[in-house]
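Data first, discussion second: the structure below is written as structure tokens.
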2 protein chains.
Amino acid sequence: MPPDAARRSDRSRLAVLAAARDLVAEVGYPRVSIEAIARRAGVGKQTIYRWWPSKGAVALDAVRALSEGEGGAITLPDTGDLEADLKTVLRATAAEFTDPALSALLRALYAEIAVDPELATLYREKVDHPLTEAKLARLRSGQRAGQLHPDADLALCLDFLYAPFTQRWLHRAGPLDEAYADALVEATLRAFAPAHDVDPRPSRPPQADR
Amino acid sequence: MPPDAARRSDRSRLAVLAAARDLVAEVGYPRVSIEAIARRAGVGKQTIYRWWPSKGAVALDAVRALSEGEGGAITLPDTGDLEADLKTVLRATAAEFTDPALSALLRALYAEIAVDPELATLYREKVDHPLTEAKLARLRSGQRAGQLHPDADLALCLDFLYAPFTQRWLHRAGPLDEAYADALVEATLRAFAPAHDVDPRPSRPPQADR
DNA sequence: ATATCGAGACGAGACGGTCCGTCTTGACAT
DNA sequence: ATGTCAAGACGGACCGTCTCGTCTCGATAT
């Protein structure tokens with residue numbers, strides 16, 4: 001007996017997501033209780049338990065609400081220069097990861113996902129998959145333009161672009177600056193370059209090794 | 001007034017880590033309470049609170065206890081064939097990520113790390129850094145053998161090898177099989193290959209040159 | 001050498017608080 | 001009439017702190 005979604009109060013829904021967003025930013029996700037969200041939102045506890053299965057699910061929706069001003073389908077910039085476009089997008093991602101409200105929520109979401117398989121599935125379907133499709137589209141466009149090898153594994157290419165970036169941010173292993181973004185894009189394109197695009201190594205990042 | 005480490009009961013320490021390991025495997029990390037760990041370990045609650053600042057810190061030590069049969073310094077295989085060695089190591093990592101007890105603990109640890117900066121620092125120092133050093137050493141050896149570009153950014157190279165692997169596992173985005181491990185190694189080596197080791201696509205084992 | 005003693009970690013668990021997830025109530029909307 | 005809503009009561013679990021009495025030490029006194 002699922003609740004009747006048609007009669008759902010949008011007012012309460014938004015109040016819950018906003019309260020969750022603010023509380024997570026203020027006291028940190030682990031110290032946010034569902035009771036506190038309800039209090040802050042001016043909402044009955046049951047209203048939260050009726051519509052969300054877990055605190056993590058609320059976090060997921062709060063993330064979606066924050067990063068979804070776009071409304072319709074997501075489209076990445078396509079100026080014809082794949083390398084430049086990817087650097088632009090990666091820098092934008094860095095900015096999102098740096099935004100306090102969004103980043104606190106995203107950290108919480110990744111934490112719950114690591115430990116909650118059902119939430120992970122929800123995340124993949126509702127957040128990751130649409131984004132991945134948009135990114136893949138841009139890579140395919142670059143591939144058609146001869147900027148990637150015709151046989152390149154584009155999914156793997158995406159992993160190379162985003163996984164190191166996300167991990168560095170999650171582990172706080174280093175700054176998400178333009179140097180790192182650029183190095184990531186350049187090395188990835190090197191790995192998936194078309195056959196005879198032989199241009200030797202450009203510069204090496206400053207602190208390479210000791 | 002930190003407690004006197006010299007008088008610490010090793011018996012209790014090990015019992016706590018074992019109890020944590022077992023409980024996490026049995027009921028899942030979020031449902032493991034410190035009280036339950038103490039009960040299972042036959043240990044006073046205070047003994048846990050005395051030596052660990054949080055449940056996540058216990059998880060970190062439990063992971064260390066599990067993956068630290070090695071004792072001394074970590075060394076990666078070095079047969080002279082970098083590509084083969086990296087595939088070997090990545091497959092071993094996949095096996096660790098598949099082991100039920102270790103993987104449940106590791107998921108918990110990554111979840112806490114995402115949200116707890118202090119624990120993240122501890123993780124980087126005690127777990128990640130030593131491992132990274134060992135991996136870097138192997139890459140340097142390959143670099144000296146001419147299997148990597150002399151100016152290659154080895155830290156970035158490591159990110160390429162491991163971050164996509166870890167993320168795929170964390171997000172349950174796909175199987176951690178040999179095909180993925182091999183593709184990861186091949187594409188990474190392509191990105192950091194020495195200058196004129198042309199012959200792009202279908203990767204071929206590097207010929208030992210010297 | 002042996003006995004005494006104090007410090008501190010130990011197992012056990014009491015304690016007040018918080019939060020969990022469920023359930024009940026009465027108001028309100030459709 | 002039905003179902004969501006805000007509000008909050010409810011028993012139970014767990015939190016983190018604390019107080020017990022026991023035990024193992026090393027230092028000192030005999």
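Chains: A, B, ... in order of the structure tokens. Residues: from 1 per chain. Ligands: from 1, in order shown.
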Report task. Select all residues from chain C having any atom no more than 10 Å from an atom of chain A (counting only C-alpha atoms (C1' of nucleotides), ignoring ligands), output as a PyMOL selection string. Result -> chain C and resi 18-23+29-30
Keeping only all heavy atoms, take the residues you just selected and write them out as a compact mmCIF listing (two decimals), in the first residue's frame.
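For reference, result_20.txt as written:
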# COMPACT_ATOMS: atom_id res chain seq x y z
P DT C 18 18.69 15.79 25.19
OP1 DT C 18 19.29 17.08 24.82
OP2 DT C 18 17.29 15.68 25.66
O5' DT C 18 18.86 14.80 23.95
C5' DT C 18 20.17 14.55 23.44
C4' DT C 18 20.08 13.50 22.36
O4' DT C 18 19.72 12.22 22.95
C3' DT C 18 19.04 13.79 21.29
O3' DT C 18 19.69 13.70 20.03
C2' DT C 18 17.98 12.71 21.49
C1' DT C 18 18.79 11.58 22.12
N1 DT C 18 18.02 10.64 22.99
C2 DT C 18 18.07 9.30 22.73
O2 DT C 18 18.71 8.82 21.81
N3 DT C 18 17.34 8.52 23.60
C4 DT C 18 16.59 8.95 24.66
O4 DT C 18 15.98 8.16 25.37
C5 DT C 18 16.58 10.37 24.88
C7 DT C 18 15.78 10.94 26.01
C6 DT C 18 17.28 11.14 24.04
P DC C 19 18.95 14.27 18.70
OP1 DC C 19 20.00 14.84 17.83
OP2 DC C 19 17.79 15.08 19.12
O5' DC C 19 18.42 12.94 18.02
C5' DC C 19 19.37 11.94 17.65
C4' DC C 19 18.65 10.65 17.40
O4' DC C 19 18.07 10.19 18.63
C3' DC C 19 17.49 10.76 16.41
O3' DC C 19 17.84 10.06 15.22
C2' DC C 19 16.29 10.14 17.14
C1' DC C 19 16.94 9.41 18.32
N1 DC C 19 16.09 9.31 19.54
C2 DC C 19 15.78 8.05 20.06
O2 DC C 19 16.21 7.04 19.50
N3 DC C 19 15.01 7.97 21.17
C4 DC C 19 14.55 9.08 21.75
N4 DC C 19 13.80 8.96 22.85
C5 DC C 19 14.85 10.38 21.24
C6 DC C 19 15.63 10.45 20.14
P DC C 20 16.80 9.83 14.03
OP1 DC C 20 17.58 9.86 12.79
OP2 DC C 20 15.65 10.74 14.21
O5' DC C 20 16.28 8.36 14.24
C5' DC C 20 17.22 7.30 14.39
C4' DC C 20 16.49 6.03 14.79
O4' DC C 20 15.96 6.22 16.12
C3' DC C 20 15.31 5.71 13.90
O3' DC C 20 15.64 4.62 13.05
C2' DC C 20 14.17 5.34 14.85
C1' DC C 20 14.72 5.55 16.23
N1 DC C 20 13.88 6.39 17.14
C2 DC C 20 13.07 5.78 18.10
O2 DC C 20 13.04 4.55 18.15
N3 DC C 20 12.34 6.55 18.92
C4 DC C 20 12.39 7.89 18.83
N4 DC C 20 11.66 8.61 19.67
C5 DC C 20 13.20 8.53 17.86
C6 DC C 20 13.93 7.75 17.04
P DG C 21 15.02 4.55 11.57
OP1 DG C 21 15.73 3.54 10.77
OP2 DG C 21 14.89 5.94 11.09
O5' DG C 21 13.56 3.99 11.88
C5' DG C 21 13.44 2.69 12.41
C4' DG C 21 12.02 2.46 12.86
O4' DG C 21 11.75 3.32 14.00
C3' DG C 21 10.95 2.79 11.81
O3' DG C 21 10.03 1.71 11.76
C2' DG C 21 10.31 4.07 12.34
C1' DG C 21 10.47 3.89 13.84
N9 DG C 21 10.42 5.15 14.57
C8 DG C 21 10.98 6.36 14.20
N7 DG C 21 10.76 7.32 15.07
C5 DG C 21 10.01 6.72 16.06
C6 DG C 21 9.47 7.27 17.25
O6 DG C 21 9.56 8.42 17.68
N1 DG C 21 8.77 6.30 17.98
C2 DG C 21 8.61 4.99 17.60
N2 DG C 21 7.90 4.21 18.42
N3 DG C 21 9.11 4.47 16.49
C4 DG C 21 9.79 5.39 15.77
P DT C 22 8.64 1.77 10.94
OP1 DT C 22 8.48 0.50 10.23
OP2 DT C 22 8.61 3.05 10.20
O5' DT C 22 7.57 1.84 12.11
C5' DT C 22 7.69 0.96 13.22
C4' DT C 22 6.54 1.20 14.20
O4' DT C 22 6.74 2.43 14.91
C3' DT C 22 5.17 1.31 13.54
O3' DT C 22 4.25 0.51 14.27
C2' DT C 22 4.84 2.80 13.64
C1' DT C 22 5.56 3.19 14.92
N1 DT C 22 5.94 4.63 15.00
C2 DT C 22 5.58 5.35 16.11
O2 DT C 22 4.96 4.88 17.05
N3 DT C 22 5.96 6.67 16.09
C4 DT C 22 6.67 7.31 15.07
O4 DT C 22 6.96 8.51 15.17
C5 DT C 22 7.01 6.49 13.95
C7 DT C 22 7.77 7.08 12.79
C6 DT C 22 6.64 5.20 13.97
P DC C 23 2.74 0.30 13.75
OP1 DC C 23 2.42 -1.11 13.98
OP2 DC C 23 2.61 0.89 12.40
O5' DC C 23 1.87 1.21 14.74
C5' DC C 23 2.24 1.33 16.11
C4' DC C 23 1.44 2.43 16.78
O4' DC C 23 2.14 3.69 16.66
C3' DC C 23 0.04 2.67 16.20
O3' DC C 23 -0.90 2.65 17.24
C2' DC C 23 0.14 4.03 15.51
C1' DC C 23 1.26 4.70 16.30
N1 DC C 23 2.02 5.69 15.49
C2 DC C 23 2.27 6.98 16.00
O2 DC C 23 1.84 7.26 17.12
N3 DC C 23 2.95 7.87 15.25
C4 DC C 23 3.40 7.52 14.04
N4 DC C 23 4.08 8.43 13.34
C5 DC C 23 3.16 6.23 13.50
C6 DC C 23 2.47 5.34 14.24
P DA C 29 -7.71 23.40 4.08
OP1 DA C 29 -6.83 24.56 3.84
OP2 DA C 29 -9.15 23.59 4.38
O5' DA C 29 -7.58 22.41 2.84
C5' DA C 29 -6.34 21.76 2.59
C4' DA C 29 -6.58 20.55 1.70
O4' DA C 29 -7.22 19.51 2.47
C3' DA C 29 -7.48 20.83 0.49
O3' DA C 29 -6.80 20.41 -0.68
C2' DA C 29 -8.73 19.99 0.75
C1' DA C 29 -8.22 18.91 1.68
N9 DA C 29 -9.22 18.38 2.61
C8 DA C 29 -9.96 19.08 3.51
N7 DA C 29 -10.78 18.34 4.22
C5 DA C 29 -10.55 17.04 3.74
C6 DA C 29 -11.10 15.80 4.08
N6 DA C 29 -12.03 15.64 5.03
N1 DA C 29 -10.66 14.71 3.42
C2 DA C 29 -9.72 14.88 2.47
N3 DA C 29 -9.13 16.00 2.06
C4 DA C 29 -9.59 17.06 2.75
P DT C 30 -7.36 20.86 -2.14
OP1 DT C 30 -6.19 21.15 -2.98
OP2 DT C 30 -8.42 21.85 -1.96
O5' DT C 30 -8.01 19.50 -2.66
C5' DT C 30 -7.27 18.28 -2.57
C4' DT C 30 -8.19 17.10 -2.83
O4' DT C 30 -9.00 16.84 -1.66
C3' DT C 30 -9.16 17.32 -3.99
O3' DT C 30 -9.12 16.20 -4.84
C2' DT C 30 -10.52 17.45 -3.31
C1' DT C 30 -10.30 16.52 -2.10
N1 DT C 30 -11.23 16.74 -0.97
C2 DT C 30 -11.78 15.64 -0.35
O2 DT C 30 -11.55 14.50 -0.71
N3 DT C 30 -12.62 15.92 0.70
C4 DT C 30 -12.96 17.17 1.19
O4 DT C 30 -13.73 17.31 2.13
C5 DT C 30 -12.36 18.28 0.49
C7 DT C 30 -12.68 19.68 0.92
C6 DT C 30 -11.52 18.01 -0.54
Could you make a table, as a tab-separated table, of the residues of chain D that have an atom within 9 Å of an atom of chain A, each with its nearest atom pair and distance in Å to one decimal, counting only C-alpha atoms (C1' of nucleotides), in chain and number order?
residue	atom	partner	partner_atom	distance
D:DG3	C1'	A:Asp4	CA	7.7
D:DT4	C1'	A:Arg7	CA	6.7
D:DC5	C1'	A:Gly44	CA	7.7
D:DA6	C1'	A:Gly44	CA	5.1
D:DA7	C1'	A:Gly44	CA	6.5
D:DG8	C1'	A:Gly44	CA	8.7
Query - Contact residues around DC20 (chain D) with only C-alpha atoms (C1' of nucleotides) at 12 Å, ignoring same-chain residues under 6 positions, as a list in words - result: DG11, DA12, DG13 and DA14 of chain C
Write a file of the just-selected residues containing N, CA, C and O atoms (P, O5', C5', C4', C3', O3' and C1' of nucleotides), as a tab-separated table (two decimals), in the first residue's frame.
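And here's out.tsv as it stands now:
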chain	number	residue	atom	x	y	z
C	11	DG	P	38.19	-5.59	29.26
C	11	DG	O5'	37.12	-6.04	30.36
C	11	DG	C5'	37.24	-7.32	30.98
C	11	DG	C4'	36.08	-7.55	31.93
C	11	DG	C3'	34.70	-7.52	31.28
C	11	DG	O3'	33.89	-8.54	31.87
C	11	DG	C1'	34.83	-5.79	32.91
C	12	DA	P	32.38	-8.78	31.34
C	12	DA	O5'	31.50	-7.78	32.21
C	12	DA	C5'	31.50	-7.91	33.63
C	12	DA	C4'	30.66	-6.80	34.24
C	12	DA	C3'	29.33	-6.53	33.51
C	12	DA	O3'	28.26	-6.94	34.35
C	12	DA	C1'	30.45	-4.52	34.15
C	13	DG	P	26.76	-7.01	33.77
C	13	DG	O5'	26.21	-5.55	34.09
C	13	DG	C5'	26.39	-5.03	35.39
C	13	DG	C4'	26.20	-3.52	35.36
C	13	DG	C3'	24.97	-3.03	34.55
C	13	DG	O3'	24.31	-2.06	35.30
C	13	DG	C1'	26.81	-1.78	34.03
C	14	DA	P	22.73	-2.22	35.59
C	14	DA	O5'	22.40	-0.88	36.40
C	14	DA	C5'	23.21	-0.54	37.52
C	14	DA	C4'	23.38	0.97	37.62
C	14	DA	C3'	22.12	1.78	37.27
C	14	DA	O3'	22.01	2.87	38.18
C	14	DA	C1'	23.91	2.45	35.86
How close does each residue of chain B get to chain A, giving the shortest atom pair and distance in Å to one decimal for every residue with an atom at most 7 Å away, counting only C-alpha atoms, sorted by chain and residue number, as a Markdown table?
| residue | atom | partner | partner_atom | distance |
| --- | --- | --- | --- | --- |
| B:Arg107 | CA | A:Ala114 | CA | 5.6 |
| B:Ala108 | CA | A:Val115 | CA | 6.2 |
| B:Ala111 | CA | A:Ala111 | CA | 3.9 |
| B:Glu112 | CA | A:Ala111 | CA | 6.5 |
| B:Ile113 | CA | A:His171 | CA | 6.9 |
| B:Ala114 | CA | A:Leu170 | CA | 5.4 |
| B:Val115 | CA | A:Arg107 | CA | 5.9 |
| B:Ala120 | CA | A:His171 | CA | 6.2 |
| B:Asp151 | CA | A:Arg204 | CA | 6.1 |
| B:Ala152 | CA | A:Arg204 | CA | 6.9 |
| B:Asp153 | CA | A:Ala208 | CA | 5.4 |
| B:Leu154 | CA | A:Ala208 | CA | 6.9 |
| B:Ala155 | CA | A:Ala208 | CA | 6.9 |
| B:Asp159 | CA | A:Pro164 | CA | 5.4 |
| B:Phe160 | CA | A:Phe160 | CA | 6.0 |
| B:Ala163 | CA | A:Pro164 | CA | 5.0 |
| B:Pro164 | CA | A:Ala163 | CA | 5.0 |
| B:Gln167 | CA | A:Ala163 | CA | 6.3 |
| B:Leu170 | CA | A:Ala114 | CA | 5.4 |
| B:His171 | CA | A:Ala120 | CA | 6.2 |
| B:Ala187 | CA | A:Ala191 | CA | 5.4 |
| B:Thr188 | CA | A:Ala191 | CA | 6.5 |
| B:Arg190 | CA | A:Ala191 | CA | 5.0 |
| B:Ala191 | CA | A:Ala191 | CA | 4.1 |
| B:Ala195 | CA | A:Pro200 | CA | 5.8 |
| B:Pro200 | CA | A:Ala195 | CA | 5.8 |
Report task. Determine which residues of chain B DSSP labels as helix (DSSP H, G or I) from the backbone of this structure, then write them out as a ChimeraX atom specification. Result -> /B:5-7,10-27,29-31,34-41,45-51,55-66,82-98,100-115,117-144,154-170,178-191
Contacts of DG17 (chain C) within 12 Å, only C-alpha atoms (C1' of nucleotides), excl. fewer than 5 positions in-chain, as a PDB file with N, CA, C and O atoms (P, O5', C5', C4', C3', O3' and C1' of nucleotides), in the first residue's frame:
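Full text of result_16.pdb as output:
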ATOM      1  P    DC D  14      21.169  -1.480  19.820  1.00  0.00           P
ATOM      2  O5'  DC D  14      21.902  -0.108  20.094  1.00  0.00           O
ATOM      3  C5'  DC D  14      21.832   0.911  19.121  1.00  0.00           C
ATOM      4  C4'  DC D  14      22.328   2.196  19.729  1.00  0.00           C
ATOM      5  C3'  DC D  14      23.714   2.092  20.363  1.00  0.00           C
ATOM      6  O3'  DC D  14      24.635   2.822  19.541  1.00  0.00           O
ATOM      7  C1'  DC D  14      22.180   3.383  21.686  1.00  0.00           C
ATOM      8  P    DC D  15      26.132   3.071  19.994  1.00  0.00           P
ATOM      9  O5'  DC D  15      26.098   4.538  20.603  1.00  0.00           O
ATOM     10  C5'  DC D  15      25.532   5.594  19.839  1.00  0.00           C
ATOM     11  C4'  DC D  15      25.487   6.855  20.677  1.00  0.00           C
ATOM     12  C3'  DC D  15      26.810   7.167  21.366  1.00  0.00           C
ATOM     13  O3'  DC D  15      27.423   8.269  20.732  1.00  0.00           O
ATOM     14  C1'  DC D  15      24.937   7.307  22.897  1.00  0.00           C
ATOM     15  P    DG D  16      29.005   8.376  20.654  1.00  0.00           P
ATOM     16  O5'  DG D  16      29.367   8.915  22.119  1.00  0.00           O
ATOM     17  C5'  DG D  16      28.920  10.212  22.470  1.00  0.00           C
ATOM     18  C4'  DG D  16      29.085  10.418  23.953  1.00  0.00           C
ATOM     19  C3'  DG D  16      30.492  10.112  24.479  1.00  0.00           C
ATOM     20  O3'  DG D  16      30.929  11.212  25.269  1.00  0.00           O
ATOM     21  C1'  DG D  16      28.865   8.982  25.770  1.00  0.00           C
ATOM     22  P    DT D  17      32.267  11.136  26.177  1.00  0.00           P
ATOM     23  O5'  DT D  17      31.654  11.021  27.648  1.00  0.00           O
ATOM     24  C5'  DT D  17      30.581  11.864  28.010  1.00  0.00           C
ATOM     25  C4'  DT D  17      30.185  11.616  29.467  1.00  0.00           C
ATOM     26  C3'  DT D  17      31.383  11.512  30.418  1.00  0.00           C
ATOM     27  O3'  DT D  17      31.139  12.328  31.556  1.00  0.00           O
ATOM     28  C1'  DT D  17      29.978   9.617  30.656  1.00  0.00           C
TER      29       DT D  17
END
